[in-house]
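Undergrad: Contents of my_file15.cif (mmCIF, C-alpha atoms and all ligand atoms):
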data_start
#
loop_
_atom_site.label_atom_id
_atom_site.label_comp_id
_atom_site.auth_asym_id
_atom_site.auth_seq_id
_atom_site.Cartn_x
_atom_site.Cartn_y
_atom_site.Cartn_z
CA MET A 1 -97.31 145.15 -42.64
CA LEU A 2 -96.32 142.31 -40.36
CA ASP A 3 -92.73 141.51 -39.51
CA THR A 4 -92.56 137.98 -41.00
CA ILE A 5 -90.05 135.59 -39.43
CA LEU A 6 -88.70 132.53 -41.22
CA LEU A 7 -88.38 129.55 -38.88
CA PRO A 8 -86.36 126.45 -39.89
CA ALA A 9 -88.39 123.25 -39.38
CA GLU A 10 -86.74 120.55 -41.47
CA ASP A 11 -85.86 118.46 -38.43
CA LEU A 12 -88.39 118.08 -35.61
CA GLU A 13 -85.81 117.56 -32.88
CA ARG A 14 -83.22 120.11 -33.94
CA ASP A 15 -85.87 122.73 -34.79
CA SER A 16 -88.11 122.13 -31.77
CA ALA A 17 -87.80 125.80 -30.74
CA SER A 18 -89.28 126.86 -34.10
CA LEU A 19 -92.37 124.76 -33.45
CA ASP A 20 -92.76 126.23 -29.97
CA ARG A 21 -92.50 129.72 -31.41
CA ALA A 22 -95.05 128.96 -34.14
CA ALA A 23 -97.43 127.39 -31.60
CA GLU A 24 -97.18 130.52 -29.41
CA ILE A 25 -97.99 132.75 -32.38
CA LEU A 26 -101.04 130.64 -33.27
CA LYS A 27 -102.31 130.53 -29.66
CA ALA A 28 -101.95 134.33 -29.54
CA GLY A 29 -104.18 134.63 -32.64
CA GLY A 30 -101.50 135.04 -35.33
CA LEU A 31 -100.91 133.59 -38.80
CA VAL A 32 -98.25 130.99 -39.67
CA ALA A 33 -97.47 129.43 -43.07
CA ILE A 34 -96.89 125.71 -42.44
CA PRO A 35 -95.60 122.81 -44.50
CA THR A 36 -97.96 119.91 -45.23
CA GLU A 37 -97.40 116.90 -47.49
CA THR A 38 -99.68 118.45 -50.17
CA VAL A 39 -98.90 122.19 -50.32
CA TYR A 40 -98.03 124.85 -47.72
CA GLY A 41 -100.99 126.03 -45.62
CA LEU A 42 -101.74 129.49 -44.20
CA ALA A 43 -102.77 128.55 -40.67
CA ALA A 44 -104.75 130.21 -37.89
CA ASN A 45 -106.97 129.14 -34.99
CA ALA A 46 -110.05 127.64 -36.71
CA LEU A 47 -112.33 128.32 -33.72
CA GLU A 48 -111.88 132.12 -33.55
CA PRO A 49 -113.70 134.26 -36.13
CA ALA A 50 -111.16 137.10 -35.69
CA CYS A 51 -108.24 134.76 -36.44
CA VAL A 52 -109.95 133.25 -39.47
CA ALA A 53 -110.73 136.74 -40.77
CA LYS A 54 -107.00 137.46 -40.87
CA ILE A 55 -106.49 134.52 -43.25
CA TYR A 56 -108.94 135.96 -45.77
CA THR A 57 -107.23 139.36 -45.58
CA ALA A 58 -103.71 137.94 -45.91
CA LYS A 59 -104.65 135.90 -49.01
CA GLY A 60 -107.00 138.41 -50.56
CA ARG A 61 -109.54 135.56 -50.58
CA PRO A 62 -113.33 136.00 -50.97
CA SER A 63 -114.92 135.29 -47.59
CA ASP A 64 -117.53 132.85 -48.97
CA ASN A 65 -114.76 130.39 -49.87
CA PRO A 66 -114.61 127.96 -46.93
CA LEU A 67 -111.41 126.77 -45.24
CA ILE A 68 -110.09 123.30 -44.44
CA VAL A 69 -109.65 122.59 -40.72
CA HIS A 70 -106.53 120.57 -39.88
CA VAL A 71 -106.51 118.18 -36.91
CA ASP A 72 -104.03 115.87 -35.21
CA GLY A 73 -106.42 113.21 -33.94
CA TYR A 74 -109.95 111.85 -33.72
CA GLU A 75 -110.75 113.61 -30.43
CA MET A 76 -110.31 116.90 -32.21
CA VAL A 77 -112.49 115.73 -35.12
CA GLU A 78 -115.30 114.88 -32.72
CA THR A 79 -115.41 118.47 -31.43
CA LEU A 80 -115.84 119.82 -34.98
CA VAL A 81 -118.63 117.65 -36.42
CA ALA A 82 -122.17 116.70 -35.49
CA GLY A 83 -121.06 113.04 -35.54
CA ILE A 84 -118.77 110.67 -37.44
CA PRO A 85 -120.92 108.31 -39.53
CA PRO A 86 -119.48 104.79 -40.07
CA ARG A 87 -118.60 105.38 -43.74
CA ALA A 88 -116.68 108.54 -42.76
CA ARG A 89 -114.82 106.69 -40.04
CA ALA A 90 -113.85 103.94 -42.50
CA VAL A 91 -112.44 106.44 -45.00
CA MET A 92 -110.60 108.38 -42.28
CA GLU A 93 -109.01 105.22 -40.92
CA ALA A 94 -107.94 104.14 -44.39
CA PHE A 95 -106.44 107.41 -45.62
CA TRP A 96 -105.54 109.58 -42.60
CA PRO A 97 -103.12 111.01 -41.94
CA GLY A 98 -102.86 111.95 -45.59
CA PRO A 99 -103.98 114.06 -48.56
CA LEU A 100 -107.76 113.61 -48.13
CA THR A 101 -110.21 116.25 -46.87
CA ILE A 102 -113.62 115.08 -45.68
CA ILE A 103 -116.72 117.29 -45.49
CA LEU A 104 -119.35 116.57 -42.83
CA PRO A 105 -122.12 118.55 -41.10
CA LYS A 106 -120.38 120.87 -38.62
CA SER A 107 -120.82 121.25 -34.86
CA ASP A 108 -121.67 124.55 -33.18
CA ARG A 109 -118.03 125.01 -32.18
CA VAL A 110 -117.00 125.76 -35.74
CA PRO A 111 -117.73 129.39 -36.58
CA LEU A 112 -119.50 130.22 -39.86
CA GLU A 113 -116.50 132.44 -40.72
CA THR A 114 -114.43 129.26 -41.07
CA THR A 115 -116.96 127.49 -43.32
CA GLY A 116 -117.80 130.49 -45.49
CA GLY A 117 -121.33 130.46 -44.06
CA LEU A 118 -121.97 126.75 -44.79
CA ASP A 119 -123.36 124.27 -42.25
CA THR A 120 -120.68 121.73 -43.21
CA VAL A 121 -116.99 121.68 -42.32
CA ALA A 122 -114.00 120.35 -44.30
CA ILE A 123 -111.49 118.41 -42.15
CA ARG A 124 -108.08 116.93 -42.85
CA MET A 125 -105.46 115.16 -40.75
CA PRO A 126 -102.19 116.01 -42.52
CA ALA A 127 -99.35 113.50 -42.74
CA HIS A 128 -96.49 116.00 -42.56
CA PRO A 129 -94.74 115.55 -39.20
CA VAL A 130 -94.23 119.32 -38.74
CA ALA A 131 -97.92 120.05 -39.30
CA ARG A 132 -99.01 117.27 -36.93
CA GLU A 133 -96.57 118.28 -34.20
CA LEU A 134 -97.56 121.93 -34.48
CA ILE A 135 -101.27 121.15 -34.07
CA ARG A 136 -100.40 118.96 -31.09
CA ARG A 137 -98.34 121.71 -29.44
CA CYS A 138 -100.91 124.47 -29.85
CA ALA A 139 -103.78 122.04 -29.16
CA LEU A 140 -105.98 123.91 -31.64
CA PRO A 141 -107.62 122.84 -34.88
CA LEU A 142 -105.95 124.97 -37.57
CA ALA A 143 -107.85 126.49 -40.47
CA ALA A 144 -105.46 126.54 -43.41
CA PRO A 145 -106.08 127.27 -47.05
CA SER A 146 -103.16 126.93 -49.44
CA ALA A 147 -100.53 129.55 -48.53
CA ASN A 148 -100.58 131.52 -51.77
CA LEU A 149 -102.09 134.83 -52.77
CA SER A 150 -105.65 134.14 -53.92
CA GLY A 151 -105.66 133.10 -57.59
CA SER A 152 -101.92 132.26 -57.78
CA PRO A 153 -100.44 128.75 -57.96
CA SER A 154 -100.29 127.09 -54.53
CA THR A 155 -96.97 127.16 -52.68
CA THR A 156 -94.88 123.99 -52.42
CA SER A 157 -91.74 125.44 -50.79
CA ALA A 158 -90.97 127.97 -48.06
CA GLN A 159 -89.41 130.23 -50.72
CA HIS A 160 -92.78 130.37 -52.55
CA CYS A 161 -94.40 131.43 -49.25
CA VAL A 162 -91.71 134.09 -48.71
CA ASN A 163 -92.46 135.44 -52.21
CA ASP A 164 -96.25 135.59 -51.70
CA LEU A 165 -96.69 136.26 -47.99
CA THR A 166 -93.82 138.33 -46.59
CA GLY A 167 -95.40 141.15 -44.57
CA ARG A 168 -98.77 139.31 -44.55
CA VAL A 169 -98.09 136.55 -41.99
CA ASP A 170 -96.31 136.42 -38.63
CA ALA A 171 -94.11 133.45 -39.48
CA ILE A 172 -93.23 130.91 -42.16
CA LEU A 173 -92.15 127.43 -41.02
CA ASP A 174 -89.64 126.03 -43.50
CA GLY A 175 -90.26 122.29 -43.69
CA GLY A 176 -88.73 121.81 -47.14
CA GLU A 177 -90.46 120.87 -50.38
CA CYS A 178 -93.98 119.39 -50.25
CA GLN A 179 -93.99 115.77 -51.32
CA VAL A 180 -97.33 115.54 -53.16
CA GLY A 181 -97.28 119.03 -54.66
CA LEU A 182 -101.07 119.37 -55.25
CA GLU A 183 -103.82 120.07 -52.73
CA SER A 184 -105.74 117.26 -51.04
CA THR A 185 -108.68 115.40 -52.53
CA VAL A 186 -111.87 117.04 -51.23
CA LEU A 187 -114.61 114.44 -50.58
CA THR A 188 -118.03 115.35 -49.30
CA LEU A 189 -119.84 112.84 -47.11
CA ALA A 190 -122.52 115.38 -46.26
CA THR A 191 -124.53 114.15 -49.28
CA PRO A 192 -126.33 110.78 -49.60
CA VAL A 193 -123.82 109.68 -52.25
CA ALA A 194 -120.15 110.46 -51.60
CA ARG A 195 -118.79 112.99 -54.06
CA ILE A 196 -115.31 114.22 -54.96
CA LEU A 197 -115.39 118.02 -55.19
CA ARG A 198 -111.68 118.38 -55.96
CA PRO A 199 -109.50 115.52 -57.27
CA GLY A 200 -106.16 114.87 -55.56
CA ALA A 201 -103.68 112.15 -54.63
CA ILE A 202 -106.42 109.98 -53.10
CA THR A 203 -108.31 108.92 -56.22
CA ARG A 204 -111.87 107.79 -56.88
CA GLU A 205 -110.52 104.29 -57.62
CA MET A 206 -108.96 104.19 -54.13
CA LEU A 207 -112.19 105.35 -52.43
CA LEU A 208 -114.62 103.10 -54.33
CA PRO A 209 -113.92 99.84 -52.47
CA LEU A 210 -114.80 101.54 -49.15
CA LEU A 211 -117.75 103.63 -50.29
CA GLY A 212 -119.32 101.55 -53.08
CA GLU A 213 -120.40 104.65 -54.96
CA VAL A 214 -118.40 107.85 -55.46
CA GLU A 215 -119.46 110.65 -57.81
CA LEU A 216 -117.05 113.07 -59.40
CA ASP A 217 -118.24 116.66 -59.37
CA PRO A 218 -118.45 117.98 -62.95
CA SER A 219 -116.29 120.96 -61.89
CA ALA A 220 -113.30 118.57 -61.89
CA THR A 221 -113.09 118.73 -65.67
CA SER A 222 -115.40 121.49 -66.87
CA PRO A 223 -116.15 125.13 -66.13
CA LEU A 224 -119.11 125.94 -63.90
CA ALA A 225 -122.19 126.32 -66.11
CA PRO A 226 -123.68 129.82 -65.94
CA GLY A 227 -126.34 130.09 -63.22
CA THR A 228 -125.27 126.99 -61.23
CA VAL A 229 -124.15 126.99 -57.60
CA ALA A 230 -120.66 125.59 -56.98
CA ALA A 231 -120.69 122.53 -54.67
CA SER A 232 -117.22 123.60 -53.60
CA PRO A 233 -117.16 127.39 -53.60
CA GLY A 234 -113.41 127.42 -54.34
CA MET A 235 -114.07 125.90 -57.75
CA LYS A 236 -115.84 128.97 -59.06
CA TYR A 237 -112.83 131.25 -58.73
CA LYS A 238 -109.95 131.62 -61.15
CA HIS A 239 -107.20 129.50 -59.70
CA TYR A 240 -103.60 128.40 -59.80
CA ALA A 241 -102.97 130.89 -62.58
CA PRO A 242 -99.54 132.24 -63.41
CA LYS A 243 -99.30 135.65 -65.08
CA ALA A 244 -98.63 133.93 -68.42
CA LYS A 245 -101.50 132.82 -70.66
CA VAL A 246 -101.50 129.00 -70.54
CA TYR A 247 -102.87 126.65 -73.23
CA ILE A 248 -103.27 122.91 -72.72
CA VAL A 249 -102.28 121.14 -75.92
CA GLN A 250 -103.95 117.81 -76.66
CA GLY A 251 -102.19 115.74 -79.28
CA SER A 252 -99.06 113.70 -79.98
CA LEU A 253 -95.51 114.98 -79.44
CA PRO A 254 -94.95 115.48 -83.21
CA GLN A 255 -98.20 117.50 -83.40
CA TYR A 256 -97.10 119.55 -80.39
CA ALA A 257 -93.68 120.16 -81.98
CA ALA A 258 -95.33 121.37 -85.20
CA LEU A 259 -97.58 123.75 -83.26
CA VAL A 260 -94.81 125.35 -81.18
CA GLY A 261 -92.58 125.48 -84.28
CA GLU A 262 -94.93 128.19 -85.51
CA LYS A 263 -94.58 130.14 -82.26
CA VAL A 264 -90.81 130.61 -82.30
CA GLY A 265 -89.87 134.25 -81.71
CA GLU A 266 -93.22 135.04 -80.03
CA GLY A 267 -91.98 134.62 -76.45
CA ALA A 268 -93.69 131.22 -76.16
CA TYR A 269 -92.57 128.69 -73.56
CA GLY A 270 -93.27 124.98 -73.33
CA LEU A 271 -94.33 122.91 -70.30
CA VAL A 272 -93.52 119.38 -71.42
CA PHE A 273 -92.65 115.89 -70.21
CA THR A 274 -89.19 114.71 -69.14
CA GLY A 275 -86.76 114.38 -72.03
CA GLU A 276 -88.92 116.24 -74.56
CA GLY A 277 -87.56 119.77 -74.15
CA GLU A 278 -84.24 119.45 -75.91
CA ALA A 279 -85.63 118.67 -79.37
CA LEU A 280 -88.26 121.43 -79.25
CA PRO A 281 -87.66 124.87 -80.80
CA ILE A 282 -88.93 126.97 -77.85
CA PRO A 283 -87.56 127.17 -74.27
CA CYS A 284 -89.21 124.43 -72.20
CA LEU A 285 -89.59 123.32 -68.59
CA GLU A 286 -90.17 119.60 -67.99
CA TYR A 287 -92.76 118.82 -65.30
CA GLY A 288 -92.33 115.06 -64.98
CA ALA A 289 -92.31 111.86 -67.00
CA ASP A 290 -95.18 111.19 -69.42
CA GLY A 291 -97.60 108.80 -67.67
CA VAL A 292 -96.14 109.37 -64.17
CA PRO A 293 -98.70 111.75 -62.67
CA GLU A 294 -97.14 111.68 -59.17
CA GLU A 295 -94.02 113.29 -60.63
CA GLN A 296 -96.07 115.83 -62.60
CA ALA A 297 -98.06 116.70 -59.46
CA HIS A 298 -94.88 117.22 -57.47
CA HIS A 299 -93.48 119.79 -59.94
CA LEU A 300 -96.50 121.50 -61.53
CA PHE A 301 -96.96 124.52 -59.24
CA ALA A 302 -93.24 125.20 -58.88
CA MET A 303 -92.92 125.20 -62.68
CA LEU A 304 -95.89 127.54 -63.18
CA ARG A 305 -94.17 129.94 -60.78
CA GLN A 306 -90.83 129.51 -62.54
CA LEU A 307 -92.38 130.31 -65.92
CA ASP A 308 -93.51 133.66 -64.49
CA GLU A 309 -90.02 134.34 -63.17
CA MET A 310 -88.65 133.61 -66.65
CA GLY A 311 -91.02 136.23 -68.07
CA ALA A 312 -93.08 133.81 -70.17
CA HIS A 313 -96.18 135.46 -71.61
CA THR A 314 -97.58 132.39 -73.38
CA VAL A 315 -97.16 128.79 -72.23
CA TYR A 316 -98.08 125.68 -74.23
CA ALA A 317 -98.50 122.73 -71.87
CA ARG A 318 -98.49 119.07 -72.91
CA SER A 319 -101.74 117.58 -71.63
CA PRO A 320 -101.42 115.02 -68.82
CA SER A 321 -103.35 111.77 -69.00
CA ARG A 322 -106.43 111.84 -66.74
CA GLU A 323 -105.78 108.41 -65.23
CA GLY A 324 -105.41 108.11 -61.44
CA VAL A 325 -103.63 111.13 -59.92
CA GLY A 326 -103.40 112.48 -63.48
CA LEU A 327 -106.98 113.73 -63.09
CA ALA A 328 -105.81 116.08 -60.30
CA VAL A 329 -102.90 117.31 -62.42
CA TYR A 330 -105.27 117.91 -65.34
CA ASN A 331 -107.78 119.68 -63.07
CA ARG A 332 -105.15 122.18 -61.79
CA LEU A 333 -103.65 122.76 -65.23
CA LEU A 334 -107.13 123.31 -66.65
CA ARG A 335 -107.73 126.09 -64.14
CA ALA A 336 -104.26 127.58 -64.65
CA ALA A 337 -105.19 127.69 -68.35
CA GLY A 338 -108.62 129.22 -67.70
CA PHE A 339 -110.02 126.17 -69.57
CA SER A 340 -108.15 127.02 -72.81
CA ILE A 341 -107.48 123.74 -74.64
CA LEU A 342 -106.01 123.33 -78.11
CA THR A 343 -106.96 119.97 -79.62
CA LEU A 344 -104.71 119.01 -82.51
CA GLU A 345 -106.20 116.75 -85.16
CA ASP A 346 -104.24 114.20 -87.18
CA ALA A 347 -103.03 115.69 -90.46
O1 LIG A 401 -104.06 120.08 -49.40
C1 LIG A 401 -104.86 120.93 -49.02
O2 LIG A 401 -106.09 120.71 -48.99
C2 LIG A 401 -104.30 122.31 -48.61
C3 LIG A 401 -103.42 122.07 -47.39
C4 LIG A 401 -102.92 123.36 -46.79
O3 LIG A 401 -104.10 121.28 -46.45
N1 LIG A 401 -105.37 123.24 -48.36
C5 LIG A 401 -106.14 123.75 -49.35
O4 LIG A 401 -107.09 124.65 -48.95
O5 LIG A 401 -106.00 123.45 -50.51
P1 LIG A 401 -107.87 125.64 -49.93
O6 LIG A 401 -108.58 126.56 -49.04
O7 LIG A 401 -106.93 126.23 -50.90
O8 LIG A 401 -108.91 124.73 -50.65
C6 LIG A 401 -110.04 124.24 -49.94
C7 LIG A 401 -111.10 123.77 -50.92
C8 LIG A 401 -111.77 124.92 -51.60
O9 LIG A 401 -112.04 124.57 -52.96
C9 LIG A 401 -113.06 125.09 -50.80
O10 LIG A 401 -114.09 125.69 -51.52
C10 LIG A 401 -113.36 123.64 -50.43
O11 LIG A 401 -112.10 123.05 -50.20
N2 LIG A 401 -114.17 123.54 -49.20
C11 LIG A 401 -113.79 123.81 -47.94
N3 LIG A 401 -114.81 123.62 -47.07
C12 LIG A 401 -115.88 123.24 -47.81
C13 LIG A 401 -117.23 122.90 -47.51
N4 LIG A 401 -117.72 122.95 -46.26
N5 LIG A 401 -118.04 122.55 -48.55
C14 LIG A 401 -117.57 122.51 -49.82
N6 LIG A 401 -116.29 122.82 -50.16
C15 LIG A 401 -115.46 123.17 -49.18
MG MG A 402 -106.07 127.10 -52.69
#
Can you give me the file's structure in the form of structure tokens?
TA:
Amino acid sequence: MLDTILLPAEDLERDSASLDRAAEILKAGGLVAIPTETVYGLAANALEPACVAKIYTAKGRPSDNPLIVHVDGYEMVETLVAGIPPRARAVMEAFWPGPLTIILPKSDRVPLETTGGLDTVAIRMPAHPVARELIRRCALPLAAPSANLSGSPSTTSAQHCVNDLTGRVDAILDGGECQVGLESTVLTLATPVARILRPGAITREMLLPLLGEVELDPSATSPLAPGTVAASPGMKYKHYAPKAKVYIVQGSLPQYAALVGEKVGEGAYGLVFTGEGEALPIPCLEYGADGVPEEQAHHLFAMLRQLDEMGAHTVYARSPSREGVGLAVYNRLLRAAGFSILTLEDA
């Protein structure tokens, strides 16, 4: 058991001592949960196999699931990759700092422990000022998966990190709520045609003008077919799942209301759009306005955690549209639901 300290980091100037403390811990080989604009990250020195090993232990994560390396500038990127091809540079300059992870062939400096044995490395320059300043102060690239126990919904507040990681990390930096709320888009440029392995706030539509062609990995919307190798190893594991059994319900609001009307008294909970809960016969949480995926993204993981705290054992979720950032919301909800979808037909 580690003695986990909670360090306030809402204000870079006022909380400068917290960042110094966190940087010292990381330089000494420790683990720190850090805020980013997407979700909290569980950070350690990306260049030291022993440090990276601690991340896998703290999360209970399978060691073939590679980590994202977080950087604060292009000089750091250059030490991690074999080279930055022009199309990669163009995408970096357009979307960094921000919620986009780019995969490229790795340099020898990146240990195989960090990449789960792969010869490629995933890199991201986060936009959150606390994350950037911390990387600058410790002058180390930081490996950081989402700061949740493996399989659970990602953490979007320091309180979520306290719940999952107390005793498992040296410190938690409290930088407030994460703005985006879902993990970064993962884009591989290690293949001839660019490919999105995990949808996020940077969408295919946004990448297309720069790259010309962008494929979407089938794992974004369907389970891995038996016998196939996952392009992104993380996609083969059960993910983002609360303790409750989640169903995605596809259909109109009246159809949804009729369905949950039959579940009254069975401990069923609803995960619905803003303004819908009141008229429904089961207790509901509202995860954002219908058709506003940015809002849904911001709240989804916090609500999945809240449903567990409320003791929900079955959750019926209104299906988000798959347009734009909605695809990322749908992708996470699909995994939280273990791909269980109820499609309601017109009567
Ligand atoms: O927003 C984010 O990306 C957050 C914050 C903390 O930056 N991090 C995050 O990390 O979500 P994690 O470890 O939970 O997800 C990383 C994903 C996994 O699905 C992993 O398999 C994939 O990226 N990945 C990492 N390196 C890869 C590589 N070399 N090739 C293919 N997939 C890779
Ligand atoms: Mg994760």
Undergrad: Using only C-alpha atoms and all ligand atoms, find each residue with an atom at most 8 Å away from ligand MG 402 (chain A) and format the answer as a list in words.
TA: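 Counting only C-alpha atoms and all ligand atoms, the residues within 8 Å of ligand MG 402 (chain A) come out as Pro145, Ser146, Ala147, Asn148, Ser150, Gly151, Pro153, Ser154, Glu183, Gly234, His239 and Tyr240 of chain A.
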Undergrad: Determine, counting all atoms listed in the file, which protein, DNA and RNA residues have an atom within 12 Å of an atom of region 62-66 of chain A; residues of the same chain fewer than 6 positions away are not included. Present the result as a count of residues only.
TA: 38
Undergrad: Just want the 12 Å neighbourhood of Gln296 (chain A), counted on all atoms listed in the file, with same-chain residues fewer than 3 positions away dropped. Output as number ranges by chain.
TA: A: 179-182, 201, 271-274, 285-293, 299-304, 317-322, 325-330, 332-333
Undergrad: Using all atoms listed in the file, which of the listed residues (A:Leu140, A:Ile202, A:Leu26, A:Val77) sits closest to ligand LIG 401 (chain A)?
TA: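 With all atoms listed in the file as the atom set, the closest residue is A:Ile202.
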Undergrad: Using 4 Å of padding on each side, determine the axis-aligned box around all atoms of ligand LIG 401 (chain A) present in the file and give its centre and edge lengths in Å to one decimal, as lines of an AutoDock Vina configuration file.
TA:
center_x = -110.5
center_y = 123.3
center_z = -49.6
size_x = 23.1
size_y = 14.5
size_z = 14.7
Undergrad: Can you work out which one of A:Leu334, A:Asn163, A:Arg109, A:Arg137 has the shortest atom-to-atom distance to Ile25 (chain A), counting only C-alpha atoms?
TA: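 Of the candidates, the smallest distance to Ile25 (chain A) is held by A:Arg137.
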Undergrad: Mind giving me the straight-line distance from atom O8 of ligand LIG 401 (chain A) to CA of Ser184 (chain A) in Å, one decimal?
TA: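 Taking atom O8 of ligand LIG 401 (chain A) and CA of Ser184 (chain A), their separation equals 8.1 Å.
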